[in-house]
Amino acid sequence: VRRLRARGVGRGIAAVLATLLGVALLIVTVLILALAVVPHVAELISAVREGVRDLREWLVAVGAPEFLLAAFDRLMLSVIAILRVDPVALAGPAVTVGTVLILSSFLTIFLLSDGDRGWRRVTGSMDPAHAAALTASATSGLDRVSGYLRRTALLAVIDAIVVYATLLVLGVPLAAPLSMLVFISGFVPYLGAILSATVVVLVTLAFAGPIPSLVVLAAIVVASVVSGRLLASTGLGTAVDVHPLLVLVAIPTGAALFGLLGLIGLLPVIVFILAVAKSIMAVLSVQEAEPQRTDGVVPRWLDRLAQWSWRGLVAAGLVWVLIEITVSIPGVIVPVVLALVLAATLAPLASRLRQMGLGRGGAAAASTVGVALVVAATVAIAVVWTVGPMRELVATAVDGAEEIHIQEVLDAVESVGGSILATAAAVLGALPRLLLILVLAPLIAFFLLRDAGTLWRDGISGVVAHRRERLDTIGGRSVGVLGGYMLGTALISLFGAVTSALIMIILGLPLAIPIGILTFFGGFIPYLGSAVTTLLAVLVALAVGTTTDVVVMMIWTIVFNIVQGNFVTPIVYGRAFSLHPAFILLAIPAGGELAGVLGMFLVVPFVAIIAAIWQPALDLLEADPMASG
């Protein structure tokens, strides 16, 4: 439109011509994709399944454990489910799609022809300096979005052409549908390339064998690296600069909120928001006002309320949006929250590594990779050693409860056992989602450890100096409380797990390792978790042990819970934050009602954060020093 206007074409005609060209290009692209992909979906799925079978046979041949094979099966089922396309379901909302296309076309025409006039009317009542800054940043945002879309489309075309040519040379069938799939996936950052490459490699493995599949994978990787390097020297290479942390959060958020459209469209929206965010913050920021005297006519508290009322409404709106997002997309919130916890816990280690000479990236990578490997190994061991004997453990605990001859105890044990079995089944049923969380959480934690300081400073750079200092205080306290809590809880849990397993092994009782693992994870629920898991050891002793075993386990359980609850836990938590045990006991069930097991894990540190920062947060709302009069 800009070029057409520069050549003398009128506003309306330029807008109509550009819109018609864009709509025609979109329709032609969709038709080509539909004709190339939809008729061959069944063949693609069949080929992918055959490739999965070949890959699974190789995993069995190299001796992969059962839990890894189960995870592989569920992950491949998820990949196949993504490929399923129902033509009837696609045709059903055709009227809606047509209506949206018509309305969006007319809106595009109006925005292209009169958008700049409307923008000037909106910003006409603003301060000229603010209006100019906001206009410049909005224009830059539009340029960045268009540059991002051009770059993404060009890379998708290049990748599709490379895949098509490689498959033709290798003689692999379904070259056209696979190249179209690569093109579509190119608009989904990171995950799209991984998905399309997986499908292409599996289909090639099914039709041509392992060597051609490796050749195709190498061609995809080389094409991606070379095209990115070539574009880096052009304007498209620097058209957009979005931090990978935001991309990792935006991808699952867009998918959860808006499906495929969200996967493709949410990141450009974020690009534009980032471009105008600083200008908006500058407009909304509190300005240093000249001293004003009220001469007692207006009370100071009312004057302060007037200064902050509309900003309070904005803050309340943001909190409401955050709550809605949390409720609507728990699959996104879980890895983000886990990443925040992991980053806060590893921050002292990363800081120590930087002091030893490592750079920010190296320190963050060393901390994250090391802990990620430990966590992955712990989860694998927990799955191998607890999921298998879980039913035996529950049955043994029920037998031990029956020995007491108290119906209430038996009912409680059966209820807890049923919950444990249900949780284990849910974990196995959600292995693909669990794997995605285990991948996303460490990645997000790595970027937080590497760039959190820079991102934080950039985020509050528009805030006036004295408030920026208070925000730094709030951020530092929050990270310290969260990291101290998780480290202290991990030590408490490890102590309980090791001691319970050792005593059961010394007494010769079965299921020592599963109970030790459950005790470790249960220890992250203060007070209640350890009490429940250590009680399982007593019930096992009642079911299969001698009288001496029962007495020893009962004494140990009582002493352990008394020492932990009255000495160890208060000392460890007291160093992290000052929070009375009564608040902890009240917060745990509340967290369970709000977010299940994850809420029980995390509600205490977040309550502690609130307790630690509420006073600095109130100080932040104080009037400006120069405005106090």
# chains A, B, ... in the order shown; residues from 1 in each chain; ligands from 1
>>> residues_around(residues="range 526-533 of chain A", least_positions_apart="3", cutoff="7 Å", atoms="only C-alpha atoms", output="ChimeraX atom specification")
/A:515,518-519,522-523,536,561,565
>>> write_last_selection(atoms="N, CA, C and O atoms", output="PDB file, in the first residue's frame")
ATOM      1  N   ILE A 515       8.637 -46.883  48.794  1.00  0.00           N
ATOM      2  CA  ILE A 515       8.199 -46.012  49.890  1.00  0.00           C
ATOM      3  C   ILE A 515       9.174 -44.852  50.072  1.00  0.00           C
ATOM      4  O   ILE A 515       8.764 -43.711  50.351  1.00  0.00           O
ATOM      5  N   LEU A 518       8.331 -42.345  47.354  1.00  0.00           N
ATOM      6  CA  LEU A 518       7.091 -41.638  47.684  1.00  0.00           C
ATOM      7  C   LEU A 518       7.315 -40.658  48.833  1.00  0.00           C
ATOM      8  O   LEU A 518       6.726 -39.570  48.860  1.00  0.00           O
ATOM      9  N   THR A 519       8.159 -41.042  49.798  1.00  0.00           N
ATOM     10  CA  THR A 519       8.459 -40.142  50.914  1.00  0.00           C
ATOM     11  C   THR A 519       9.176 -38.890  50.428  1.00  0.00           C
ATOM     12  O   THR A 519       8.921 -37.782  50.911  1.00  0.00           O
ATOM     13  N   GLY A 522       6.539 -36.838  48.619  1.00  0.00           N
ATOM     14  CA  GLY A 522       5.555 -36.384  49.598  1.00  0.00           C
ATOM     15  C   GLY A 522       6.100 -35.308  50.510  1.00  0.00           C
ATOM     16  O   GLY A 522       5.339 -34.482  51.028  1.00  0.00           O
ATOM     17  N   GLY A 523       7.429 -35.293  50.688  1.00  0.00           N
ATOM     18  CA  GLY A 523       8.029 -34.282  51.543  1.00  0.00           C
ATOM     19  C   GLY A 523       7.862 -32.874  51.020  1.00  0.00           C
ATOM     20  O   GLY A 523       8.026 -31.911  51.781  1.00  0.00           O
ATOM     21  N   LEU A 536       2.749 -45.317  55.521  1.00  0.00           N
ATOM     22  CA  LEU A 536       2.729 -46.492  54.651  1.00  0.00           C
ATOM     23  C   LEU A 536       3.770 -47.523  55.105  1.00  0.00           C
ATOM     24  O   LEU A 536       3.525 -48.731  55.036  1.00  0.00           O
ATOM     25  N   ASN A 561       8.411 -37.706  62.554  1.00  0.00           N
ATOM     26  CA  ASN A 561       7.443 -36.646  62.292  1.00  0.00           C
ATOM     27  C   ASN A 561       7.497 -35.561  63.361  1.00  0.00           C
ATOM     28  O   ASN A 561       7.319 -34.372  63.056  1.00  0.00           O
ATOM     29  N   GLY A 565       8.638 -32.041  62.120  1.00  0.00           N
ATOM     30  CA  GLY A 565       7.619 -31.007  62.209  1.00  0.00           C
ATOM     31  C   GLY A 565       7.930 -29.912  63.195  1.00  0.00           C
ATOM     32  O   GLY A 565       7.547 -28.756  62.994  1.00  0.00           O
TER      33      GLY A 565
END
>>> closest_atom_pairs(of="range 174-203 of chain A", to="range 142-155 of chain A", cutoff="10 Å", atoms="only C-alpha atoms", output="JSON lines")
{"residue": "A:Phe183", "atom": "CA", "partner": "A:Ala153", "partner_atom": "CA", "distance": 8.2}
{"residue": "A:Ile184", "atom": "CA", "partner": "A:Ala153", "partner_atom": "CA", "distance": 9.3}
{"residue": "A:Gly186", "atom": "CA", "partner": "A:Thr152", "partner_atom": "CA", "distance": 6.9}
{"residue": "A:Phe187", "atom": "CA", "partner": "A:Thr152", "partner_atom": "CA", "distance": 6.2}
{"residue": "A:Val188", "atom": "CA", "partner": "A:Thr152", "partner_atom": "CA", "distance": 9.0}
{"residue": "A:Pro189", "atom": "CA", "partner": "A:Thr152", "partner_atom": "CA", "distance": 8.9}
>>> write_last_selection(atoms="C-alpha atoms", output="compact mmCIF listing (two decimals), in the first residue's frame")
# COMPACT_ATOMS: atom_id res chain seq x y z
CA PHE A 183 5.56 -25.63 4.65
CA ILE A 184 2.60 -25.48 7.07
CA GLY A 186 7.24 -23.71 9.15
CA PHE A 187 4.82 -21.11 10.55
CA VAL A 188 4.94 -22.75 14.02
CA PRO A 189 8.25 -21.76 15.69
>>> residues_around(residues="Arg56 in chain A", least_positions_apart="4", cutoff="9 Å", atoms="only C-alpha atoms", output="VMD selection string")
chain A and resid 51 to 52 60 to 61 69 72 to 73
>>> residues_around(residues="Thr139 in chain A", least_positions_apart="3", cutoff="12 Å", atoms="only C-alpha atoms", output="list in words")
Gly115, Asp116, Trp119, Ala132, Ala133, Leu134, Thr135, Ala136, Leu142, Asp143, Arg144, Val145, Ser146, Phe272, Ile273, Ala275, Val276 and Ser279 of chain A
>>> closest_residue(among="A:Gly483, A:Gly22, A:Gly362, A:Gly496", to="Ala343 in chain A", atoms="only C-alpha atoms")
A:Gly483
>>> residues_around(residues="His243 in chain A", least_positions_apart="4", cutoff="10 Å", atoms="only C-alpha atoms", output="tab-separated table (two decimals) with N, CA and C atoms, in the first residue's frame")
chain	number	residue	atom	x	y	z
A	247	VAL	N	8.92	-17.01	23.09
A	247	VAL	CA	8.45	-17.95	22.07
A	247	VAL	C	8.01	-19.26	22.72
A	248	LEU	N	8.82	-19.75	23.66
A	248	LEU	CA	8.49	-21.02	24.33
A	248	LEU	C	7.17	-20.93	25.10
A	271	VAL	N	5.04	-9.88	18.94
A	271	VAL	CA	6.05	-9.01	18.31
A	271	VAL	C	5.58	-7.57	18.32
A	447	PHE	N	16.77	-20.00	30.04
A	447	PHE	CA	16.71	-18.62	29.57
A	447	PHE	C	16.48	-17.65	30.73
A	451	ASP	N	19.12	-14.78	31.20
A	451	ASP	CA	18.71	-13.43	30.77
A	451	ASP	C	17.71	-12.77	31.70
A	455	LEU	N	16.21	-9.00	31.17
A	455	LEU	CA	14.78	-8.85	30.89
A	455	LEU	C	14.09	-8.03	31.98
>>> atom_distance(atom1="CA of Leu487 in chain A", atom2="CA of Val371 in chain A")
12.5 Å
>>> atom_distance(atom1="CA of Arg11 in chain A", atom2="CA of Arg117 in chain A")
11.2 Å
>>> residues_around(residues="Leu214 in chain A", least_positions_apart="6", cutoff="12 Å", atoms="only C-alpha atoms", output="ChimeraX atom specification")
/A:166-167,170,197-198,200-205,208,220-221
>>> closest_residue(among="A:Pro605, A:Gly599, A:Gly141, A:Gly545", to="Phe583 in chain A", atoms="only C-alpha atoms")
A:Pro605
>>> residues_around(residues="range 347-351 of chain A", least_positions_apart="4", cutoff="8 Å", atoms="only C-alpha atoms", output="ChimeraX atom specification")
/A:343,355,360,363-364,366-367,449,483
>>> decode(residues="range 2-22 of chain A", atoms="N, CA, C and O atoms", output="JSON list (two decimals), in the first residue's frame")
[["chain", "number", "residue", "atom", "x", "y", "z"],
["A", 2, "ARG", "N", 1.95, 1.24, 0.77],
["A", 2, "ARG", "CA", 2.85, 2.39, 0.79],
["A", 2, "ARG", "C", 3.45, 2.64, -0.59],
["A", 2, "ARG", "O", 3.54, 3.78, -1.05],
["A", 3, "ARG", "N", 3.87, 1.58, -1.27],
["A", 3, "ARG", "CA", 4.46, 1.74, -2.59],
["A", 3, "ARG", "C", 3.42, 2.23, -3.60],
["A", 3, "ARG", "O", 3.74, 3.07, -4.47],
["A", 4, "LEU", "N", 2.21, 1.70, -3.51],
["A", 4, "LEU", "CA", 1.16, 2.15, -4.43],
["A", 4, "LEU", "C", 0.84, 3.63, -4.20],
["A", 4, "LEU", "O", 0.65, 4.39, -5.15],
["A", 5, "ARG", "N", 0.76, 4.04, -2.93],
["A", 5, "ARG", "CA", 0.50, 5.46, -2.66],
["A", 5, "ARG", "C", 1.64, 6.33, -3.17],
["A", 5, "ARG", "O", 1.42, 7.43, -3.69],
["A", 6, "ALA", "N", 2.88, 5.85, -3.03],
["A", 6, "ALA", "CA", 4.02, 6.64, -3.49],
["A", 6, "ALA", "C", 3.99, 6.83, -5.00],
["A", 6, "ALA", "O", 4.55, 7.81, -5.52],
["A", 7, "ARG", "N", 3.33, 5.92, -5.71],
["A", 7, "ARG", "CA", 3.23, 6.03, -7.17],
["A", 7, "ARG", "C", 1.97, 6.79, -7.61],
["A", 7, "ARG", "O", 1.65, 6.79, -8.79],
["A", 8, "GLY", "N", 1.25, 7.35, -6.67],
["A", 8, "GLY", "CA", 0.12, 8.18, -7.02],
["A", 8, "GLY", "C", -1.23, 7.50, -6.98],
["A", 8, "GLY", "O", -2.25, 8.12, -7.30],
["A", 9, "VAL", "N", -1.30, 6.25, -6.57],
["A", 9, "VAL", "CA", -2.59, 5.55, -6.47],
["A", 9, "VAL", "C", -3.32, 6.07, -5.23],
["A", 9, "VAL", "O", -2.73, 6.28, -4.17],
["A", 10, "GLY", "N", -4.63, 6.25, -5.34],
["A", 10, "GLY", "CA", -5.41, 6.76, -4.22],
["A", 10, "GLY", "C", -5.48, 5.79, -3.06],
["A", 10, "GLY", "O", -5.20, 4.59, -3.19],
["A", 11, "ARG", "N", -5.89, 6.33, -1.91],
["A", 11, "ARG", "CA", -5.96, 5.53, -0.69],
["A", 11, "ARG", "C", -6.86, 4.31, -0.87],
["A", 11, "ARG", "O", -6.46, 3.17, -0.60],
["A", 12, "GLY", "N", -8.09, 4.55, -1.27],
["A", 12, "GLY", "CA", -9.06, 3.46, -1.38],
["A", 12, "GLY", "C", -8.65, 2.41, -2.39],
["A", 12, "GLY", "O", -8.74, 1.20, -2.13],
["A", 13, "ILE", "N", -8.20, 2.85, -3.57],
["A", 13, "ILE", "CA", -7.82, 1.90, -4.62],
["A", 13, "ILE", "C", -6.61, 1.08, -4.18],
["A", 13, "ILE", "O", -6.56, -0.14, -4.38],
["A", 14, "ALA", "N", -5.62, 1.72, -3.56],
["A", 14, "ALA", "CA", -4.43, 1.00, -3.09],
["A", 14, "ALA", "C", -4.83, -0.05, -2.05],
["A", 14, "ALA", "O", -4.32, -1.19, -2.07],
["A", 15, "ALA", "N", -5.72, 0.30, -1.14],
["A", 15, "ALA", "CA", -6.15, -0.64, -0.11],
["A", 15, "ALA", "C", -6.89, -1.83, -0.72],
["A", 15, "ALA", "O", -6.67, -2.99, -0.34],
["A", 16, "VAL", "N", -7.79, -1.56, -1.69],
["A", 16, "VAL", "CA", -8.55, -2.64, -2.32],
["A", 16, "VAL", "C", -7.63, -3.56, -3.11],
["A", 16, "VAL", "O", -7.73, -4.80, -3.03],
["A", 17, "LEU", "N", -6.72, -3.00, -3.89],
["A", 17, "LEU", "CA", -5.81, -3.83, -4.68],
["A", 17, "LEU", "C", -4.95, -4.72, -3.79],
["A", 17, "LEU", "O", -4.78, -5.92, -4.06],
["A", 18, "ALA", "N", -4.38, -4.13, -2.74],
["A", 18, "ALA", "CA", -3.52, -4.91, -1.85],
["A", 18, "ALA", "C", -4.32, -6.01, -1.14],
["A", 18, "ALA", "O", -3.85, -7.15, -1.01],
["A", 19, "THR", "N", -5.52, -5.70, -0.69],
["A", 19, "THR", "CA", -6.34, -6.69, 0.01],
["A", 19, "THR", "C", -6.74, -7.83, -0.92],
["A", 19, "THR", "O", -6.68, -9.01, -0.54],
["A", 20, "LEU", "N", -7.18, -7.49, -2.14],
["A", 20, "LEU", "CA", -7.55, -8.53, -3.10],
["A", 20, "LEU", "C", -6.37, -9.44, -3.42],
["A", 20, "LEU", "O", -6.52, -10.67, -3.51],
["A", 21, "LEU", "N", -5.18, -8.85, -3.56],
["A", 21, "LEU", "CA", -4.00, -9.66, -3.82],
["A", 21, "LEU", "C", -3.71, -10.60, -2.65],
["A", 21, "LEU", "O", -3.43, -11.79, -2.84],
["A", 22, "GLY", "N", -3.79, -10.06, -1.43],
["A", 22, "GLY", "CA", -3.53, -10.90, -0.26],
["A", 22, "GLY", "C", -4.56, -12.01, -0.09],
["A", 22, "GLY", "O", -4.21, -13.16, 0.20]]
